[in-house]
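Trainee: Provided below: my_file30.pdb, containing PDB, C-alpha atoms and all ligand atoms.
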```
ATOM      1  CA  MET L  10       1.594  17.491  -2.439  1.00  0.00           C
ATOM      2  CA  ASN L  11       3.870  16.587   0.426  1.00  0.00           C
ATOM      3  CA  ILE L  12       4.989  13.090   1.395  1.00  0.00           C
ATOM      4  CA  ARG L  13       6.094  12.627   4.984  1.00  0.00           C
ATOM      5  CA  GLU L  14       6.303  10.053   7.753  1.00  0.00           C
ATOM      6  CA  ALA L  15       3.023   9.354   9.527  1.00  0.00           C
ATOM      7  CA  THR L  16       2.510  10.435  13.134  1.00  0.00           C
ATOM      8  CA  VAL L  17      -0.061   9.397  15.740  1.00  0.00           C
ATOM      9  CA  GLU L  18      -2.118  12.472  14.817  1.00  0.00           C
ATOM     10  CA  ASP L  19      -2.756  10.807  11.442  1.00  0.00           C
ATOM     11  CA  CYS L  20      -4.408   7.667  12.831  1.00  0.00           C
ATOM     12  CA  ARG L  21      -7.984   8.815  12.289  1.00  0.00           C
ATOM     13  CA  ASP L  22      -7.384   9.816   8.656  1.00  0.00           C
ATOM     14  CA  LEU L  23      -5.393   6.639   7.997  1.00  0.00           C
ATOM     15  CA  ALA L  24      -8.326   4.562   9.252  1.00  0.00           C
ATOM     16  CA  HIS L  25     -10.811   6.438   7.076  1.00  0.00           C
ATOM     17  CA  ILE L  26      -8.691   6.105   3.937  1.00  0.00           C
ATOM     18  CA  GLN L  27      -8.110   2.407   4.677  1.00  0.00           C
ATOM     19  CA  VAL L  28     -11.681   1.379   5.439  1.00  0.00           C
ATOM     20  CA  ASP L  29     -13.188   3.388   2.558  1.00  0.00           C
ATOM     21  CA  SER L  30     -10.598   1.957   0.176  1.00  0.00           C
ATOM     22  CA  TYR L  31     -11.133  -1.649   1.328  1.00  0.00           C
ATOM     23  CA  ARG L  32     -14.883  -1.322   0.868  1.00  0.00           C
ATOM     24  CA  ARG L  33     -14.568   0.124  -2.616  1.00  0.00           C
ATOM     25  CA  ALA L  34     -11.541  -1.646  -4.041  1.00  0.00           C
ATOM     26  CA  TYR L  35     -12.252  -5.088  -2.613  1.00  0.00           C
ATOM     27  CA  ALA L  36     -16.036  -5.213  -3.125  1.00  0.00           C
ATOM     28  CA  GLY L  37     -16.886  -8.337  -5.083  1.00  0.00           C
ATOM     29  CA  ILE L  38     -13.482  -9.845  -4.291  1.00  0.00           C
ATOM     30  CA  PHE L  39     -13.874 -10.475  -0.540  1.00  0.00           C
ATOM     31  CA  PRO L  40     -17.254 -11.484   0.909  1.00  0.00           C
ATOM     32  CA  GLN L  41     -19.312  -8.425   1.870  1.00  0.00           C
ATOM     33  CA  ALA L  42     -19.581  -9.552   5.511  1.00  0.00           C
ATOM     34  CA  TYR L  43     -15.789  -9.624   5.775  1.00  0.00           C
ATOM     35  CA  LEU L  44     -15.531  -6.052   4.432  1.00  0.00           C
ATOM     36  CA  ASP L  45     -18.396  -4.803   6.608  1.00  0.00           C
ATOM     37  CA  ALA L  46     -16.546  -6.018   9.705  1.00  0.00           C
ATOM     38  CA  PHE L  47     -13.817  -3.372   9.313  1.00  0.00           C
ATOM     39  CA  THR L  48     -14.623  -0.273  11.362  1.00  0.00           C
ATOM     40  CA  TYR L  49     -12.989   3.147  11.482  1.00  0.00           C
ATOM     41  CA  GLU L  50     -12.610   2.855  15.267  1.00  0.00           C
ATOM     42  CA  GLU L  51     -10.792  -0.495  15.240  1.00  0.00           C
ATOM     43  CA  GLN L  52      -8.523   0.443  12.375  1.00  0.00           C
ATOM     44  CA  GLU L  53      -7.691   3.760  14.065  1.00  0.00           C
ATOM     45  CA  GLN L  54      -6.623   1.820  17.144  1.00  0.00           C
ATOM     46  CA  ASP L  55      -4.546  -0.562  14.990  1.00  0.00           C
ATOM     47  CA  TRP L  56      -2.700   2.402  13.451  1.00  0.00           C
ATOM     48  CA  ARG L  57      -2.170   3.905  16.902  1.00  0.00           C
ATOM     49  CA  ASP L  58      -0.764   0.587  18.155  1.00  0.00           C
ATOM     50  CA  LEU L  59       1.582   0.365  15.185  1.00  0.00           C
ATOM     51  CA  LEU L  60       2.787   3.957  15.422  1.00  0.00           C
ATOM     52  CA  THR L  61       3.426   3.754  19.153  1.00  0.00           C
ATOM     53  CA  SER L  62       5.320   0.459  18.856  1.00  0.00           C
ATOM     54  CA  GLU L  63       9.006   0.124  18.088  1.00  0.00           C
ATOM     55  CA  MET L  64       8.238  -0.544  14.479  1.00  0.00           C
ATOM     56  CA  GLN L  65      10.697  -1.245  11.693  1.00  0.00           C
ATOM     57  CA  ASP L  66       8.020  -0.481   9.119  1.00  0.00           C
ATOM     58  CA  ILE L  67       8.016   2.708   7.077  1.00  0.00           C
ATOM     59  CA  LEU L  68       4.637   4.431   7.052  1.00  0.00           C
ATOM     60  CA  LEU L  69       4.369   7.428   4.735  1.00  0.00           C
ATOM     61  CA  VAL L  70       1.402   9.682   4.068  1.00  0.00           C
ATOM     62  CA  ALA L  71       0.620  11.987   1.154  1.00  0.00           C
ATOM     63  CA  GLU L  72      -1.029  15.276   2.122  1.00  0.00           C
ATOM     64  CA  ILE L  73      -2.307  18.010  -0.163  1.00  0.00           C
ATOM     65  CA  GLN L  74      -2.306  20.570   2.643  1.00  0.00           C
ATOM     66  CA  PRO L  75      -1.216  20.260   6.258  1.00  0.00           C
ATOM     67  CA  GLY L  76      -3.410  17.643   7.889  1.00  0.00           C
ATOM     68  CA  LYS L  77      -5.371  16.744   4.724  1.00  0.00           C
ATOM     69  CA  LEU L  78      -4.258  13.246   3.820  1.00  0.00           C
ATOM     70  CA  VAL L  79      -5.023  11.680   0.459  1.00  0.00           C
ATOM     71  CA  GLY L  80      -3.101   8.409   0.686  1.00  0.00           C
ATOM     72  CA  TYR L  81      -0.597   6.269   2.526  1.00  0.00           C
ATOM     73  CA  ALA L  82       1.931   3.512   1.943  1.00  0.00           C
ATOM     74  CA  LEU L  83       3.433   0.978   4.319  1.00  0.00           C
ATOM     75  CA  GLY L  84       6.809  -0.570   3.539  1.00  0.00           C
ATOM     76  CA  ARG L  85       8.555  -3.340   5.443  1.00  0.00           C
ATOM     77  CA  PRO L  86      12.300  -3.905   5.316  1.00  0.00           C
ATOM     78  CA  GLY L  87      13.635  -7.426   5.781  1.00  0.00           C
ATOM     79  CA  ILE L  88      13.580 -10.761   4.042  1.00  0.00           C
ATOM     80  CA  ALA L  89      10.327 -11.102   2.093  1.00  0.00           C
ATOM     81  CA  GLU L  90       8.519 -14.411   1.620  1.00  0.00           C
ATOM     82  CA  VAL L  91       9.953 -14.767  -1.866  1.00  0.00           C
ATOM     83  CA  ALA L  92      13.731 -14.990  -2.273  1.00  0.00           C
ATOM     84  CA  PRO L  93      15.792 -12.974  -3.030  1.00  0.00           C
ATOM     85  CA  PHE L  94      13.528  -9.971  -2.350  1.00  0.00           C
ATOM     86  CA  ASP L  95      14.474  -8.077   0.807  1.00  0.00           C
ATOM     87  CA  SER L  96      11.566  -5.694   1.361  1.00  0.00           C
ATOM     88  CA  GLU L  97       7.827  -5.568   0.899  1.00  0.00           C
ATOM     89  CA  MET L  98       5.181  -2.957   0.144  1.00  0.00           C
ATOM     90  CA  VAL L  99       2.569  -4.069   2.635  1.00  0.00           C
ATOM     91  CA  ALA L 100      -0.154  -1.539   1.858  1.00  0.00           C
ATOM     92  CA  LEU L 101      -0.883   1.312  -0.519  1.00  0.00           C
ATOM     93  CA  HIS L 102      -4.123   3.273  -0.670  1.00  0.00           C
ATOM     94  CA  VAL L 103      -5.082   6.568  -2.319  1.00  0.00           C
ATOM     95  CA  ARG L 104      -8.448   8.252  -1.745  1.00  0.00           C
ATOM     96  CA  ARG L 105     -10.608   7.573  -4.736  1.00  0.00           C
ATOM     97  CA  GLU L 106     -11.118  11.223  -5.679  1.00  0.00           C
ATOM     98  CA  PHE L 107      -7.322  11.711  -5.812  1.00  0.00           C
ATOM     99  CA  GLN L 108      -6.483   8.619  -7.832  1.00  0.00           C
ATOM    100  CA  GLY L 109      -4.940   8.966 -11.286  1.00  0.00           C
ATOM    101  CA  GLN L 110      -2.970  12.089 -10.299  1.00  0.00           C
ATOM    102  CA  GLY L 111       0.391  10.500  -9.530  1.00  0.00           C
ATOM    103  CA  VAL L 112      -0.089  10.154  -5.747  1.00  0.00           C
ATOM    104  CA  GLY L 113       0.331   6.361  -5.739  1.00  0.00           C
ATOM    105  CA  GLN L 114       3.482   6.559  -7.802  1.00  0.00           C
ATOM    106  CA  GLU L 115       5.001   9.253  -5.558  1.00  0.00           C
ATOM    107  CA  LEU L 116       4.264   7.148  -2.481  1.00  0.00           C
ATOM    108  CA  VAL L 117       5.895   4.053  -4.011  1.00  0.00           C
ATOM    109  CA  LYS L 118       8.949   6.082  -5.000  1.00  0.00           C
ATOM    110  CA  ALA L 119       9.253   7.550  -1.497  1.00  0.00           C
ATOM    111  CA  ILE L 120       8.903   4.112   0.102  1.00  0.00           C
ATOM    112  CA  ALA L 121      11.577   2.729  -2.239  1.00  0.00           C
ATOM    113  CA  GLN L 122      13.928   5.570  -1.280  1.00  0.00           C
ATOM    114  CA  ALA L 123      13.312   5.031   2.439  1.00  0.00           C
ATOM    115  CA  LEU L 124      13.865   1.271   2.076  1.00  0.00           C
ATOM    116  CA  LYS L 125      17.090   1.914   0.219  1.00  0.00           C
ATOM    117  CA  ARG L 126      18.310   4.124   3.057  1.00  0.00           C
ATOM    118  CA  GLN L 127      17.759   1.125   5.343  1.00  0.00           C
ATOM    119  CA  GLY L 128      19.958  -1.028   3.122  1.00  0.00           C
ATOM    120  CA  CYS L 129      17.274  -2.838   1.111  1.00  0.00           C
ATOM    121  CA  THR L 130      17.919  -3.519  -2.562  1.00  0.00           C
ATOM    122  CA  SER L 131      14.685  -5.003  -3.955  1.00  0.00           C
ATOM    123  CA  LEU L 132      10.927  -4.927  -3.408  1.00  0.00           C
ATOM    124  CA  ILE L 133       7.924  -7.191  -3.659  1.00  0.00           C
ATOM    125  CA  VAL L 134       4.192  -6.484  -3.396  1.00  0.00           C
ATOM    126  CA  TRP L 135       1.340  -8.956  -3.025  1.00  0.00           C
ATOM    127  CA  VAL L 136      -1.870  -7.932  -4.752  1.00  0.00           C
ATOM    128  CA  LEU L 137      -5.244  -9.607  -5.045  1.00  0.00           C
ATOM    129  CA  GLU L 138      -5.421 -11.544  -8.267  1.00  0.00           C
ATOM    130  CA  ARG L 139      -8.651  -9.744  -9.224  1.00  0.00           C
ATOM    131  CA  ASN L 140      -7.536  -6.244  -8.167  1.00  0.00           C
ATOM    132  CA  PRO L 141      -7.208  -3.792 -11.087  1.00  0.00           C
ATOM    133  CA  ALA L 142      -4.291  -2.242  -9.150  1.00  0.00           C
ATOM    134  CA  ARG L 143      -2.189  -4.963 -10.790  1.00  0.00           C
ATOM    135  CA  GLY L 144      -2.062  -2.643 -13.808  1.00  0.00           C
ATOM    136  CA  PHE L 145      -0.521   0.072 -11.627  1.00  0.00           C
ATOM    137  CA  TYR L 146       2.312  -2.174 -10.437  1.00  0.00           C
ATOM    138  CA  LYS L 147       2.911  -3.358 -13.981  1.00  0.00           C
ATOM    139  CA  ARG L 148       3.035   0.272 -15.120  1.00  0.00           C
ATOM    140  CA  LEU L 149       5.715   0.931 -12.493  1.00  0.00           C
ATOM    141  CA  GLY L 150       7.842  -1.850 -13.952  1.00  0.00           C
ATOM    142  CA  GLY L 151       6.937  -4.631 -11.521  1.00  0.00           C
ATOM    143  CA  GLN L 152       7.549  -8.130 -12.825  1.00  0.00           C
ATOM    144  CA  LEU L 153       4.796 -10.663 -12.275  1.00  0.00           C
ATOM    145  CA  LEU L 154       6.422 -13.431 -10.228  1.00  0.00           C
ATOM    146  CA  ASP L 155       5.652 -17.104 -10.505  1.00  0.00           C
ATOM    147  CA  VAL L 156       3.965 -17.309  -7.075  1.00  0.00           C
ATOM    148  CA  ARG L 157       0.372 -17.279  -5.874  1.00  0.00           C
ATOM    149  CA  LYS L 158      -1.061 -17.502  -2.385  1.00  0.00           C
ATOM    150  CA  ASP L 159      -4.380 -18.343  -0.878  1.00  0.00           C
ATOM    151  CA  VAL L 160      -5.690 -15.494   1.314  1.00  0.00           C
ATOM    152  CA  GLN L 161      -9.186 -16.781   1.938  1.00  0.00           C
ATOM    153  CA  GLU L 162     -11.294 -19.482   0.340  1.00  0.00           C
ATOM    154  CA  GLY L 163     -11.438 -18.628  -3.360  1.00  0.00           C
ATOM    155  CA  VAL L 164      -9.367 -15.418  -2.932  1.00  0.00           C
ATOM    156  CA  PHE L 165      -5.795 -15.400  -4.195  1.00  0.00           C
ATOM    157  CA  GLU L 166      -2.900 -12.989  -4.309  1.00  0.00           C
ATOM    158  CA  VAL L 167      -0.169 -12.738  -6.896  1.00  0.00           C
ATOM    159  CA  ALA L 168       3.121 -10.910  -6.493  1.00  0.00           C
ATOM    160  CA  TYR L 169       5.037  -8.289  -8.464  1.00  0.00           C
ATOM    161  CA  GLY L 170       8.721  -7.763  -7.879  1.00  0.00           C
ATOM    162  CA  TRP L 171      11.390  -5.167  -8.575  1.00  0.00           C
ATOM    163  CA  PRO L 172      14.823  -6.831  -8.448  1.00  0.00           C
ATOM    164  CA  THR L 173      16.406  -3.395  -7.978  1.00  0.00           C
ATOM    165  CA  LEU L 174      14.873  -0.437  -6.135  1.00  0.00           C
ATOM    166  CA  GLU L 175      16.551   2.038  -8.497  1.00  0.00           C
ATOM    167  CA  SER L 176      14.074   1.203 -11.245  1.00  0.00           C
ATOM    168  CA  LEU L 177      11.339   2.744  -9.083  1.00  0.00           C
ATOM    169  CA  PHE L 178      12.956   6.105  -8.517  1.00  0.00           C
ATOM    170  CA  GLU L 179      12.397   7.448 -12.000  1.00  0.00           C
ATOM    171  CA  LYS L 180       9.060   8.125 -13.659  1.00  0.00           C
ATOM    172  CA  GLY L 181       8.301   6.518 -16.976  1.00  0.00           C
ATOM    173  CA  VAL L 182       9.390   2.957 -16.258  1.00  0.00           C
ATOM    174  CA  GLU L 183       8.039   0.596 -18.882  1.00  0.00           C
TER
HETATM  175  C1  LIG U   1      -3.475   1.400  -6.917  1.00  0.00           C
HETATM  176  C2  LIG U   1      -3.465   2.854  -6.484  1.00  0.00           C
HETATM  177  C3  LIG U   1      -2.661   3.014  -5.196  1.00  0.00           C
HETATM  178  C4  LIG U   1      -2.789   3.691  -7.593  1.00  0.00           C
HETATM  179  O1  LIG U   1      -2.651   5.029  -7.152  1.00  0.00           O
HETATM  180  P1  LIG U   1      -2.898   6.271  -8.121  1.00  0.00           P
HETATM  181  O2  LIG U   1      -2.528   7.496  -7.372  1.00  0.00           O
HETATM  182  O3  LIG U   1      -4.278   6.216  -8.662  1.00  0.00           O
HETATM  183  O4  LIG U   1      -1.874   5.969  -9.301  1.00  0.00           O
HETATM  184  P2  LIG U   1      -0.980   7.035 -10.120  1.00  0.00           P
HETATM  185  O5  LIG U   1      -1.846   8.173 -10.508  1.00  0.00           O
HETATM  186  O6  LIG U   1       0.246   7.355  -9.347  1.00  0.00           O
HETATM  187  O7  LIG U   1      -0.601   6.183 -11.415  1.00  0.00           O
HETATM  188  C5  LIG U   1       0.731   6.024 -11.897  1.00  0.00           C
HETATM  189  C6  LIG U   1       0.653   5.400 -13.274  1.00  0.00           C
HETATM  190  O8  LIG U   1      -0.005   4.130 -13.174  1.00  0.00           O
HETATM  191  C7  LIG U   1      -1.160   4.100 -14.010  1.00  0.00           C
HETATM  192  N1  LIG U   1      -2.214   3.372 -13.309  1.00  0.00           N
HETATM  193  C8  LIG U   1      -2.813   3.682 -12.137  1.00  0.00           C
HETATM  194  N2  LIG U   1      -3.718   2.751 -11.801  1.00  0.00           N
HETATM  195  C9  LIG U   1      -3.702   1.846 -12.801  1.00  0.00           C
HETATM  196  C10 LIG U   1      -4.426   0.650 -13.049  1.00  0.00           C
HETATM  197  N3  LIG U   1      -5.342   0.201 -12.181  1.00  0.00           N
HETATM  198  N4  LIG U   1      -4.159  -0.037 -14.187  1.00  0.00           N
HETATM  199  C11 LIG U   1      -3.222   0.388 -15.068  1.00  0.00           C
HETATM  200  N5  LIG U   1      -2.484   1.521 -14.868  1.00  0.00           N
HETATM  201  C12 LIG U   1      -2.735   2.237 -13.759  1.00  0.00           C
HETATM  202  C13 LIG U   1      -1.545   5.565 -14.196  1.00  0.00           C
HETATM  203  O9  LIG U   1      -2.285   5.742 -15.370  1.00  0.00           O
HETATM  204  C14 LIG U   1      -0.187   6.211 -14.239  1.00  0.00           C
HETATM  205  O10 LIG U   1       0.379   6.009 -15.526  1.00  0.00           O
HETATM  206  P3  LIG U   1       1.132   7.207 -16.338  1.00  0.00           P
HETATM  207  O11 LIG U   1       2.414   7.443 -15.596  1.00  0.00           O
HETATM  208  O12 LIG U   1       1.316   6.637 -17.678  1.00  0.00           O
HETATM  209  O13 LIG U   1       0.225   8.387 -16.293  1.00  0.00           O
HETATM  210  C15 LIG U   1      -4.902   3.395  -6.279  1.00  0.00           C
HETATM  211  O14 LIG U   1      -5.646   3.153  -7.447  1.00  0.00           O
HETATM  212  C16 LIG U   1      -5.635   2.775  -5.101  1.00  0.00           C
HETATM  213  O15 LIG U   1      -5.543   3.265  -3.962  1.00  0.00           O
HETATM  214  N6  LIG U   1      -6.425   1.706  -5.366  1.00  0.00           N
HETATM  215  C17 LIG U   1      -7.270   1.102  -4.339  1.00  0.00           C
HETATM  216  C18 LIG U   1      -6.507   0.378  -3.273  1.00  0.00           C
HETATM  217  C19 LIG U   1      -5.624  -0.724  -3.819  1.00  0.00           C
HETATM  218  O16 LIG U   1      -6.072  -1.591  -4.564  1.00  0.00           O
HETATM  219  N7  LIG U   1      -4.336  -0.672  -3.436  1.00  0.00           N
HETATM  220  C20 LIG U   1      -3.365  -1.666  -3.822  1.00  0.00           C
HETATM  221  C21 LIG U   1      -3.363  -2.776  -2.824  1.00  0.00           C
HETATM  222  S1  LIG U   1      -2.134  -4.014  -3.245  1.00  0.00           S
END
```
Using the file provided, produce a representation of the structure as structure tokens.

Mentor:
Amino acid sequence: MNIREATVEDCRDLAHIQVDSYRRAYAGIFPQAYLDAFTYEEQEQDWRDLLTSEMQDILLVAEIQPGKLVGYALGRPGIAEVAPFDSEMVALHVRREFQGQGVGQELVKAIAQALKRQGCTSLIVWVLERNPARGFYKRLGGQLLDVRKDVQEGVFEVAYGWPTLESLFEKGVE
């Protein structure tokens, strides 16, 4: 598996991974009508807009062979909503059939390394309170922070934080 920066040629695959993942992972958490409103076409355009802008964000993709993407991660350097964290993992999605094979962890590690190169020292991620992915962040050593935010009526997010990025570079963090 190769992890590299995303390019505009990846927009279609990014949209497919994103929309499929939203529909599966967030079913029963967000209202169905909200999830049904996401389309491949609109999300592809959103990715194109992001990748052709002067973005500060770090967008990495995992590919198992050239052009065959199985996941992506979006990191954002800069002051996060919760002090003193100075970067955020904004999105992380792995195709369902490739989950549980270390792809998510490799993407997080690569994002942490890229953020470090930009001078960041710590990381936060917001995750839906009812998303089983919380277990993944806990497994990677994330500390559950004492914050909670309202995303939609009845839908909340909690946050996990890593006070130092170094703790994410090695596998086997408890
Ligand atoms: C969360 C997600 C990115 C994890 O990616 P993944 O490639 O399946 O995870 P990995 O295989 O790298 O797992 C790394 C470790 O975390 C563990 N892990 C993975 N998902 C877990 C979960 N839901 N609960 C507990 N542990 C988990 C793995 O068992 C593995 O542990 P090990 O090192 O002891 O073997 C993936 O499940 C996903 O895309 N989910 C749907 C979208 C989503 O909810 N994204 C997060 C939005 S905030």

Trainee: Please return as number ranges by chain the residues found within 6 Å of ligand LIG 1 (chain U), counting all atoms listed in the file.

Mentor: L: 30, 34, 100-103, 108-114, 136, 141-142, 144-145, 148

Trainee: Given the point (-5.5, -15.6, -0.2) in the coordinates of this file, which residues lie within 12 Å, counting all atoms listed in the file, and how would they look as a list in words?

Mentor: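 Result, sorted by chain then residue number: Ile38, Phe39, Trp135, Val136, Leu137, Glu138, Arg139, Val156, Arg157, Lys158, Asp159, Val160, Gln161, Glu162, Gly163, Val164, Phe165, Glu166, Val167 and Ala168 of chain L.
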
Trainee: What's the separation between CA of Leu132 in chain L and CA of Val28 in chain L, in Å to one decimal place?

Mentor: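 Atom-to-atom, CA of Leu132 in chain L to CA of Val28 in chain L, that is 25.1 Å.
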
Trainee: Given the choices L:Ala36, L:Ile26, L:Ala119, L:Leu59, which gets closest to Glu14 in chain L if the distance is worked out from all atoms listed in the file?

Mentor: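 Going through L:Ala36, L:Ile26, L:Ala119, L:Leu59 one by one, the smallest distance to Glu14 in chain L is for L:Ala119.
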
Trainee: Under the rule that all atoms listed in the file are counted, which of L:Asp95, L:Gly128, L:Arg104, L:Arg143 is the nearest residue to Arg33 in chain L?

Mentor: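 With all atoms listed in the file as the atom set, the closest residue is L:Arg104.
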
Trainee: CA of Leu83 in chain L to CA of Glu175 in chain L: how many Å, to one decimal?

Mentor: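 Interatomic distance here is 18.4 Å.
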
Trainee: Figure out the distance between CA of Val134 in chain L and CA of Val91 in chain L, please, to one decimal in Å.

Mentor: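 About the pair CA of Val91 in chain L and CA of Val134 in chain L: they are 10.2 Å apart.
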
Trainee: Just so the selection is clear, what residues does the PyMOL selection byres (((chain L and resi 66-70) around 9) and not hetatm) cover here, as a ChimeraX atom specification?

Mentor: /L:11-16,19,23,59-60,64-65,71-72,78-86,116,119-120,123-124

Trainee: Counting only C-alpha atoms, what is within 7 Å of Leu177 in chain L, bar same-chain residues fewer than 3 positions away, as a compact mmCIF listing (two decimals) with C-alpha atoms, in the coordinates of the input?

Mentor:
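Contents of the output file result.txt:
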```
# COMPACT_ATOMS: atom_id res chain seq x y z
CA LYS L 118 8.95 6.08 -5.00
CA ALA L 121 11.58 2.73 -2.24
CA LEU L 149 5.72 0.93 -12.49
CA LEU L 174 14.87 -0.44 -6.14
```

Trainee: Considering only C-alpha atoms, can you say which of L:Gln41, L:Gln127, L:Gln27, L:Trp171 comes closest to Leu153 in chain L?

Mentor: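 Ranking L:Gln41, L:Gln127, L:Gln27, L:Trp171 by distance to Leu153 in chain L, first place goes to L:Trp171.
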